[in-house]
>>> print(open('entry_6.cif').read())   # mmCIF, C-alpha atoms and all ligand atoms
data_upload
#
loop_
_atom_site.label_atom_id
_atom_site.label_comp_id
_atom_site.auth_asym_id
_atom_site.auth_seq_id
_atom_site.Cartn_x
_atom_site.Cartn_y
_atom_site.Cartn_z
CA MET A 28 -18.26 -1.51 -15.85
CA ASN A 29 -18.60 -0.90 -12.13
CA ASN A 30 -16.50 1.46 -10.10
CA ILE A 31 -13.80 -0.75 -8.59
CA GLN A 32 -11.66 2.07 -7.20
CA THR A 33 -10.71 1.71 -3.56
CA ARG A 34 -9.08 3.86 -0.89
CA PHE A 35 -6.17 2.28 0.95
CA ALA A 36 -3.71 3.99 3.30
CA GLY A 37 -4.74 7.43 2.09
CA LEU A 38 -4.20 6.44 -1.56
CA THR A 39 -6.79 6.08 -4.29
CA LEU A 40 -6.21 2.80 -6.14
CA ARG A 41 -7.88 2.04 -9.45
CA ASN A 42 -8.74 -1.41 -8.06
CA PRO A 43 -8.04 -3.43 -4.88
CA ILE A 44 -5.33 -5.73 -6.29
CA ILE A 45 -1.88 -4.81 -4.98
CA VAL A 46 1.21 -6.72 -6.06
CA SER A 47 2.80 -7.77 -2.77
CA SER A 48 6.45 -7.36 -1.87
CA SER A 49 8.78 -10.04 -3.26
CA SER A 50 11.34 -10.52 -6.03
CA LEU A 51 8.42 -10.02 -8.41
CA THR A 52 8.68 -6.30 -7.69
CA ASN A 53 12.44 -5.74 -7.56
CA THR A 54 12.88 -4.04 -10.96
CA ALA A 55 11.11 -1.16 -12.67
CA LYS A 56 10.67 -3.35 -15.76
CA LYS A 57 8.71 -5.98 -13.83
CA ASN A 58 6.66 -3.25 -12.14
CA LYS A 59 5.75 -1.72 -15.49
CA LYS A 60 4.44 -5.13 -16.55
CA TRP A 61 2.28 -5.45 -13.41
CA ALA A 62 0.83 -2.02 -14.04
CA GLU A 63 0.05 -2.96 -17.65
CA ALA A 64 -1.70 -6.11 -16.41
CA GLY A 65 -3.99 -3.84 -14.36
CA ALA A 66 -2.58 -3.89 -10.79
CA GLY A 67 -3.93 -1.21 -8.46
CA ALA A 68 -0.58 -0.60 -6.72
CA ILE A 69 2.80 -2.25 -6.13
CA VAL A 70 4.77 -2.92 -2.96
CA LEU A 71 8.46 -3.03 -3.78
CA LYS A 72 10.75 -5.84 -2.63
CA SER A 73 11.79 -5.08 0.97
CA LEU A 74 15.07 -3.61 1.99
CA PHE A 75 16.33 -6.10 4.59
CA GLU A 76 18.71 -4.77 7.21
CA GLU A 77 20.01 -8.24 8.10
CA GLN A 78 20.69 -9.11 4.49
CA ILE A 79 22.64 -5.90 3.87
CA ILE A 80 24.78 -6.52 6.94
CA LEU A 81 25.43 -10.14 5.91
CA GLU A 82 26.30 -9.16 2.35
CA SER A 83 28.58 -6.46 3.65
CA GLN A 84 30.34 -8.98 5.94
CA ARG A 85 30.72 -11.41 3.04
CA GLU A 86 32.38 -8.67 0.96
CA GLN A 87 34.67 -7.83 3.86
CA THR A 88 36.03 -11.36 4.18
CA ASN A 89 37.86 -10.62 0.93
CA LEU A 90 39.26 -7.38 2.31
CA ASP A 91 41.45 -7.26 5.40
CA PHE A 92 39.69 -4.61 7.53
CA HIS A 93 40.34 -3.66 11.15
CA THR A 94 37.22 -2.88 13.27
CA GLU A 95 36.96 0.81 12.41
CA GLY A 96 37.40 0.05 8.73
CA ALA A 97 34.73 -2.65 8.94
CA GLU A 98 32.21 -0.25 10.51
CA TYR A 99 32.96 2.33 7.86
CA TYR A 100 32.55 -0.27 5.13
CA THR A 101 29.19 -1.49 6.55
CA GLU A 102 27.89 2.10 6.54
CA TYR A 103 29.20 2.63 3.03
CA PHE A 104 27.57 -0.61 1.88
CA LYS A 105 24.23 0.34 3.48
CA GLY A 106 24.38 3.69 1.68
CA TYR A 107 25.09 1.93 -1.60
CA LYS A 108 22.14 -0.47 -1.17
CA LEU A 109 19.88 2.43 -0.20
CA ALA A 110 20.90 4.36 -3.32
CA GLU A 111 19.99 1.33 -5.44
CA TYR A 112 16.62 1.17 -3.71
CA LEU A 113 15.93 4.87 -4.23
CA ASP A 114 16.56 4.33 -7.95
CA LEU A 115 14.08 1.44 -7.91
CA ILE A 116 11.45 3.77 -6.40
CA LYS A 117 12.07 6.55 -8.91
CA ASP A 118 12.24 4.25 -11.93
CA SER A 119 9.14 2.28 -10.89
CA LYS A 120 7.18 5.50 -10.32
CA ARG A 121 8.10 6.68 -13.79
CA GLU A 122 7.52 3.36 -15.58
CA ALA A 123 4.44 2.01 -13.79
CA GLY A 124 2.37 5.16 -13.24
CA ILE A 125 0.46 3.60 -10.33
CA PRO A 126 1.07 4.04 -6.58
CA ILE A 127 4.44 2.62 -5.51
CA ILE A 128 4.79 1.51 -1.92
CA ALA A 129 8.33 1.10 -0.57
CA SER A 130 9.00 -1.64 1.98
CA ILE A 131 11.46 -1.96 4.83
CA ASN A 132 12.13 -5.00 6.95
CA CYS A 133 13.09 -3.59 10.34
CA TYR A 134 15.28 -5.35 12.80
CA GLY A 135 16.72 -2.49 14.84
CA ASP A 136 15.10 0.86 14.11
CA SER A 137 18.02 3.25 14.00
CA SER A 138 19.20 3.55 10.40
CA TRP A 139 15.79 2.79 8.94
CA VAL A 140 14.31 5.93 10.38
CA SER A 141 16.74 8.07 8.37
CA PHE A 142 16.32 5.78 5.33
CA ALA A 143 12.58 6.49 5.48
CA LYS A 144 13.24 10.20 4.91
CA GLU A 145 15.13 9.44 1.72
CA ILE A 146 12.48 6.99 0.58
CA GLU A 147 9.89 9.72 1.00
CA ALA A 148 12.05 12.21 -0.90
CA ALA A 149 12.47 9.68 -3.75
CA GLY A 150 8.71 9.84 -4.31
CA ALA A 151 7.31 6.65 -2.76
CA ASP A 152 3.57 6.99 -2.26
CA ALA A 153 3.65 5.09 1.03
CA LEU A 154 5.99 3.01 3.16
CA GLU A 155 5.22 -0.51 4.33
CA ILE A 156 7.01 -1.67 7.47
CA ASN A 157 7.46 -5.36 7.99
CA LEU A 158 8.63 -6.52 11.40
CA LEU A 159 8.78 -10.20 10.76
CA ALA A 160 10.36 -11.85 13.79
CA LEU A 161 9.76 -14.84 16.00
CA PRO A 162 10.58 -13.92 19.58
CA SER A 163 11.66 -17.27 20.95
CA THR A 164 14.01 -16.69 23.88
CA THR A 165 12.94 -17.85 27.34
CA ASP A 166 13.40 -14.38 28.82
CA TYR A 167 10.96 -12.79 26.35
CA LYS A 168 8.49 -10.51 28.11
CA TYR A 169 4.90 -10.73 26.90
CA GLY A 170 3.94 -7.76 24.79
CA GLU A 171 7.51 -6.62 23.98
CA PHE A 172 7.20 -7.56 20.32
CA GLU A 173 3.89 -5.72 19.97
CA GLN A 174 5.37 -2.67 21.73
CA TYR A 175 8.30 -2.74 19.30
CA HIS A 176 5.83 -2.16 16.44
CA VAL A 177 4.47 0.91 18.24
CA GLU A 178 7.95 2.31 18.94
CA VAL A 179 9.14 1.89 15.35
CA LEU A 180 6.01 3.57 14.05
CA LYS A 181 6.35 6.47 16.53
CA HIS A 182 9.92 7.13 15.40
CA LEU A 183 8.95 7.02 11.75
CA LYS A 184 6.02 9.37 12.26
CA GLU A 185 8.44 11.92 13.76
CA VAL A 186 10.45 12.11 10.55
CA VAL A 187 8.16 11.37 7.59
CA ASN A 188 4.73 12.44 6.40
CA LEU A 189 4.05 9.70 3.88
CA PRO A 190 1.41 7.09 4.81
CA ILE A 191 2.84 4.21 6.83
CA ILE A 192 1.42 0.72 6.43
CA MET A 193 2.23 -1.86 9.12
CA LYS A 194 2.51 -5.40 7.77
CA LEU A 195 1.86 -7.73 10.69
CA GLY A 196 2.90 -11.31 11.29
CA ARG A 197 0.53 -14.04 12.41
CA ASN A 198 2.29 -14.41 15.76
CA LEU A 199 0.46 -11.73 17.72
CA THR A 200 -1.80 -12.20 20.71
CA SER A 201 -4.36 -9.77 19.33
CA PRO A 202 -4.02 -8.13 15.93
CA VAL A 203 -7.12 -6.10 16.87
CA ALA A 204 -5.57 -4.52 19.98
CA LEU A 205 -2.26 -3.87 18.20
CA ALA A 206 -3.95 -2.35 15.13
CA SER A 207 -5.94 -0.08 17.44
CA GLN A 208 -2.73 1.15 19.11
CA LEU A 209 -1.01 1.57 15.75
CA ARG A 210 -3.91 3.61 14.49
CA GLU A 211 -3.63 5.90 17.51
CA VAL A 212 0.05 6.42 16.74
CA GLY A 213 -0.78 7.26 13.11
CA ALA A 214 -0.62 4.07 11.02
CA ALA A 215 -2.44 4.58 7.73
CA ALA A 216 -3.23 0.87 7.30
CA VAL A 217 -2.34 -2.65 8.36
CA VAL A 218 -1.65 -5.74 6.28
CA LEU A 219 -2.87 -9.09 7.64
CA PHE A 220 -0.51 -11.03 7.41
CA ASN A 221 3.07 -11.55 6.37
CA ARG A 222 4.17 -15.11 5.61
CA PHE A 223 6.98 -16.77 7.49
CA TYR A 224 9.49 -19.11 5.96
CA GLN A 225 7.84 -22.53 6.41
CA PRO A 226 10.13 -25.09 8.02
CA ASP A 227 9.88 -28.80 7.32
CA ILE A 228 11.94 -31.92 8.09
CA ASP A 229 13.04 -34.64 5.71
CA ILE A 230 12.82 -37.86 7.77
CA ASP A 231 14.88 -39.93 5.31
CA LYS A 232 17.80 -37.53 5.04
CA MET A 233 17.25 -36.44 8.67
CA GLU A 234 17.63 -32.78 7.79
CA HIS A 235 15.77 -29.50 7.78
CA THR A 236 14.07 -28.56 4.54
CA SER A 237 11.84 -25.74 3.40
CA GLY A 238 8.08 -26.19 3.40
CA SER A 239 6.02 -24.71 0.61
CA VAL A 240 7.32 -21.24 -0.27
CA LEU A 241 4.02 -20.32 -1.89
CA SER A 242 0.73 -20.12 -0.02
CA ALA A 243 -2.41 -22.15 -0.70
CA ALA A 244 -6.10 -21.26 -0.71
CA ASN A 245 -6.69 -22.36 2.89
CA ASP A 246 -4.13 -19.79 4.13
CA LEU A 247 -6.90 -17.24 3.57
CA THR A 248 -8.95 -18.29 6.60
CA GLU A 249 -6.79 -16.57 9.25
CA PRO A 250 -6.54 -13.17 7.55
CA LEU A 251 -10.26 -13.42 6.76
CA ARG A 252 -11.09 -14.09 10.42
CA TRP A 253 -8.97 -11.20 11.73
CA THR A 254 -10.11 -8.80 9.02
CA GLY A 255 -13.72 -9.57 9.97
CA LEU A 256 -12.94 -8.87 13.62
CA LEU A 257 -10.72 -5.85 13.07
CA SER A 258 -12.93 -4.05 10.56
CA GLY A 259 -15.82 -4.38 13.00
CA SER A 260 -14.01 -2.58 15.78
CA VAL A 261 -11.17 -0.35 14.55
CA ASN A 262 -11.41 2.31 11.88
CA ILE A 263 -8.22 1.49 9.97
CA ASP A 264 -7.66 0.40 6.37
CA ILE A 265 -6.81 -3.28 5.97
CA ALA A 266 -5.21 -5.27 3.16
CA ILE A 267 -5.35 -9.04 3.27
CA SER A 268 -2.19 -10.88 2.32
CA GLY A 269 -2.01 -14.67 2.41
CA GLY A 270 -4.00 -17.21 0.46
CA VAL A 271 -5.51 -14.84 -2.12
CA THR A 272 -5.25 -17.48 -4.81
CA ASP A 273 -8.27 -16.64 -6.97
CA ALA A 274 -10.80 -13.95 -7.76
CA ASP A 275 -13.28 -15.26 -5.19
CA ALA A 276 -10.70 -14.57 -2.48
CA VAL A 277 -10.52 -10.91 -3.53
CA ILE A 278 -14.30 -10.63 -3.11
CA LYS A 279 -14.23 -12.48 0.25
CA ALA A 280 -11.51 -10.14 1.54
CA ILE A 281 -13.62 -7.07 0.74
CA LEU A 282 -16.78 -8.62 2.21
CA ALA A 283 -14.84 -9.23 5.45
CA GLY A 284 -13.80 -5.57 5.53
CA ALA A 285 -10.51 -5.25 3.62
CA SER A 286 -9.91 -2.31 1.30
CA ALA A 287 -7.41 -4.25 -0.80
CA VAL A 288 -5.44 -7.48 -1.15
CA GLU A 289 -1.67 -7.87 -1.44
CA VAL A 290 -1.01 -10.85 -3.70
CA CYS A 291 2.24 -12.74 -4.19
CA SER A 292 1.99 -16.56 -4.58
CA ALA A 293 -0.80 -16.40 -7.16
CA LEU A 294 1.36 -14.11 -9.29
CA TYR A 295 4.30 -16.49 -9.06
CA ARG A 296 1.93 -19.26 -10.23
CA ASP A 297 -0.30 -17.52 -12.77
CA GLY A 298 1.52 -14.29 -13.70
CA ASP A 299 -0.46 -11.45 -15.30
CA ALA A 300 -3.44 -13.72 -15.92
CA PHE A 301 -4.30 -13.68 -12.21
CA ILE A 302 -4.85 -9.91 -12.22
CA LYS A 303 -6.74 -9.88 -15.50
CA ASN A 304 -9.06 -12.75 -14.50
CA ALA A 305 -9.63 -11.40 -11.00
CA LEU A 306 -10.68 -8.00 -12.32
CA VAL A 307 -13.14 -9.57 -14.79
CA LYS A 308 -14.62 -11.83 -12.11
CA LEU A 309 -14.86 -8.96 -9.59
CA ASN A 310 -16.72 -6.82 -12.14
CA ASN A 311 -19.07 -9.62 -13.19
CA TRP A 312 -19.83 -10.54 -9.58
CA MET A 313 -20.58 -6.88 -8.71
CA THR A 314 -22.93 -6.65 -11.69
CA ASP A 315 -24.71 -9.89 -10.67
CA LYS A 316 -25.12 -8.68 -7.11
CA GLN A 317 -25.93 -5.12 -8.22
CA PHE A 318 -23.12 -3.48 -6.31
CA GLY A 319 -22.05 -0.38 -8.25
CA ASP A 320 -18.92 0.25 -6.21
CA ILE A 321 -16.63 -1.32 -3.61
CA ALA A 322 -18.19 0.60 -0.71
CA ALA A 323 -21.53 -1.08 -1.45
CA PHE A 324 -20.24 -4.44 -0.22
CA LYS A 325 -17.10 -3.70 1.78
CA ALA A 326 -17.38 -5.17 5.32
CA LYS A 327 -20.90 -6.44 4.57
CA LEU A 328 -19.89 -9.72 6.21
CA ASN A 329 -17.63 -8.49 8.98
CA VAL A 330 -18.21 -9.28 12.60
CA GLN A 331 -20.78 -6.53 13.16
CA ASN A 332 -23.06 -7.66 10.44
CA VAL A 333 -23.54 -11.35 10.91
CA GLU A 334 -27.00 -11.70 12.47
CA GLY A 335 -25.80 -10.99 15.99
CA ALA A 336 -23.71 -14.19 16.12
CA ASN A 337 -19.98 -13.73 16.16
CA ARG A 338 -19.04 -16.21 13.48
CA PHE A 339 -15.47 -15.12 13.45
CA GLU A 340 -14.92 -16.02 17.07
CA ARG A 341 -15.71 -18.72 19.58
CA SER A 342 -19.21 -19.45 18.34
CA GLN A 343 -17.62 -20.85 15.19
CA PHE A 344 -15.89 -23.56 17.19
CA ILE A 345 -18.94 -24.33 19.32
CA ARG A 346 -21.07 -24.77 16.25
CA TYR A 347 -18.47 -26.82 14.47
CA PHE A 348 -17.93 -29.23 17.33
CA THR A 349 -21.60 -29.61 18.25
CA GLU A 350 -23.03 -29.95 14.73
CA LYS A 351 -20.38 -32.18 13.17
CA LYS A 352 -21.30 -35.87 13.67
C1 LIG B 1 9.38 -15.67 -2.59
C2 LIG B 1 8.73 -14.67 -1.67
C3 LIG B 1 9.42 -13.50 -1.33
C4 LIG B 1 8.84 -12.58 -0.47
N1 LIG B 1 9.52 -11.43 -0.15
C5 LIG B 1 8.94 -10.51 0.69
C6 LIG B 1 9.59 -9.29 1.02
O1 LIG B 1 10.69 -8.97 0.57
N2 LIG B 1 8.95 -8.44 1.87
C7 LIG B 1 7.71 -8.69 2.40
O2 LIG B 1 7.17 -7.86 3.14
N3 LIG B 1 7.07 -9.85 2.08
C8 LIG B 1 7.64 -10.74 1.26
N4 LIG B 1 6.97 -11.89 0.95
C9 LIG B 1 5.63 -12.12 1.49
C10 LIG B 1 4.58 -11.72 0.45
O3 LIG B 1 4.65 -10.35 0.13
C11 LIG B 1 3.15 -12.02 0.95
O4 LIG B 1 2.82 -11.16 2.03
C12 LIG B 1 2.97 -13.46 1.41
O5 LIG B 1 3.61 -14.37 0.53
C13 LIG B 1 1.49 -13.82 1.52
O6 LIG B 1 0.82 -13.59 0.31
P1 LIG B 1 0.50 -14.75 -0.76
O7 LIG B 1 -0.32 -15.77 -0.07
O8 LIG B 1 -0.24 -14.05 -1.86
O9 LIG B 1 1.82 -15.31 -1.19
C14 LIG B 1 7.55 -12.84 0.08
C15 LIG B 1 6.87 -14.01 -0.28
C16 LIG B 1 7.44 -14.93 -1.15
C17 LIG B 1 6.69 -16.16 -1.50
#
>>> encode(input="entry_6.cif", output="structure tokens")
Amino acid sequence: MNNIQTRFAGLTLRNPIIVSSSSLTNTAKKNKKWAEAGAGAIVLKSLFEEQIILESQREQTNLDFHTEGAEYYTEYFKGYKLAEYLDLIKDSKREAGIPIIASINCYGDSSWVSFAKEIEAAGADALEINLLALPSTTDYKYGEFEQYHVEVLKHLKEVVNLPIIMKLGRNLTSPVALASQLREVGAAAVVLFNRFYQPDIDIDKMEHTSGSVLSAANDLTEPLRWTGLLSGSVNIDIAISGGVTDADAVIKAILAGASAVEVCSALYRDGDAFIKNALVKLNNWMTDKQFGDIAAFKAKLNVQNVEGANRFERSQFIRYFTEKK
């Protein structure tokens, strides 16, 4: 057996496989099962501000509230949802016995800053912030969305001490520049990347439909590219999320410079077996290649270490278009 422990966001994980945030992690019972299957850590299902407000409004349609009453009810409802979430943290910590990372989907940053304090007090080992949004108005000013990440992180750092992980979307001009700024403000790690809802159109019914909810193997290429670039220039822990569909992808992520992977779709498809198989394959591969621990091959194929040619950037395209007949 090799040493497959890894350090991510100030935490020591027994291995680099993290169960990513989704409904797969919304009960302590499920989280116990992931820990038994061998997961290194778990990111809990996100608390979504928008969803809480919508649910609260839905409840209120049954109750005849005037404005003040409605505001009071929304606050009450938020508190109720937060209490449920704090129980999930405490119960998962007790049942799973591995690091538990809470997750918040920010939208404004006011109430979440105070929620973070309570999440810390409930014993979460870290907090993942997910700012999934698609700025799409014509008056959008370039850089505002990136700056929003920095502001949210600054506010959180003023009130909590637990490690903060920033889960980024794919819609950024430069994940490298943003991760560098986030590191300066105190981010413990970044996750590359979150997955948007995938829109599609049914041309027979002439209506909007959902594209594939689960990712596929070729979704790995973007996080792999940016991990290779980022790990070569910014000293921040990275987890790859997106397209980690088999054990090889776990190894590729580490070779590109990630400390861990956050896996979701593969667990929906394969359940526990994904974790078990990936750990066996990782161990066997390390033995074959004579790498005794993760550090021995982490970032071995990032941008700094590829024979002087920047394969993760423009040279890739030039080669592709000139060599392909
Ligand atoms: C059904 C489903 C629900 C998800 N819910 C959340 C969530 O609550 N919070 C979050 O940060 N990411 C959420 N995600 C994104 C995943 O955590 C993950 O980052 C993304 O799916 C990419 O990883 P994958 O390729 O392994 O699926 C969800 C993904 C799926 C498919």
>>> residues_near_ligand(input="entry_6.cif", ligand="ligand LIG 1 (chain B)", cutoff="6 Å", atoms="all atoms listed in the file", output="JSON, numbers by chain")
{"A": [47, 48, 49, 50, 72, 73, 157, 221, 222, 240, 241, 242, 268, 269, 270, 271, 290, 291, 292, 293]}
>>> residues_near_point(input="entry_6.cif", point="(9.3, -9.0, 19.8)", cutoff="6 Å", atoms="all atoms listed in the file", output="number ranges by chain")
A: 162, 171-172
>>> residues_around(input="entry_6.cif", residues="stretch 173-177 of chain A", least_positions_apart="5", cutoff="12 Å", atoms="all atoms listed in the file", output="PyMOL selection string")
chain A and resi 132-136+156-162+167-168+182-184+191-214+217
>>> atom_distance(input="entry_6.cif", atom1="atom CA of A:Ala64", atom2="atom CA of A:Phe35")
19.8 Å
>>> residues_near_point(input="entry_6.cif", point="(-5.8, 5.4, -5.0)", cutoff="10 Å", atoms="all atoms listed in the file", output="count of residues only")
17
>>> residues_around(input="entry_6.cif", residues="A:Ile267", least_positions_apart="2", cutoff="8 Å", atoms="all atoms listed in the file", output="PyMOL selection string")
chain A and resi 218-220+250-251+254+265+269+271+280+285+287-289
>>> closest_residue(input="entry_6.cif", among="A:Ala274, A:Leu306, A:Leu51, A:Ala62", to="A:Lys120", atoms="all atoms listed in the file")
A:Ala62
>>> closest_residue(input="entry_6.cif", among="A:Asn262, A:Leu294, A:Val277, A:Trp253", to="A:Val330", atoms="all atoms listed in the file")
A:Trp253
>>> atom_distance(input="entry_6.cif", atom1="atom CA of A:Asp297", atom2="atom CA of A:Val70")
18.3 Å
>>> atom_distance(input="entry_6.cif", atom1="atom CA of A:Ile44", atom2="atom CA of A:Ile302")
7.3 Å
>>> closest_residue(input="entry_6.cif", among="A:Asp273, A:Ala215, A:Leu115, A:Glu102", to="A:Val307", atoms="all atoms listed in the file")
A:Asp273
>>> closest_residue(input="entry_6.cif", among="A:Gly124, A:Val179, A:Val186, A:Lys57", to="A:Ala148", atoms="only C-alpha atoms")
A:Val186
>>> closest_residue(input="entry_6.cif", among="A:Lys181, A:Lys308, A:Lys303, A:Lys316", to="A:Gly65", atoms="all atoms listed in the file")
A:Lys303
>>> residues_around(input="entry_6.cif", residues="A:Asn188", least_positions_apart="6", cutoff="10 Å", atoms="all atoms listed in the file", output="list in words")
Ala143, Lys144, Glu147 and Ala153 of chain A
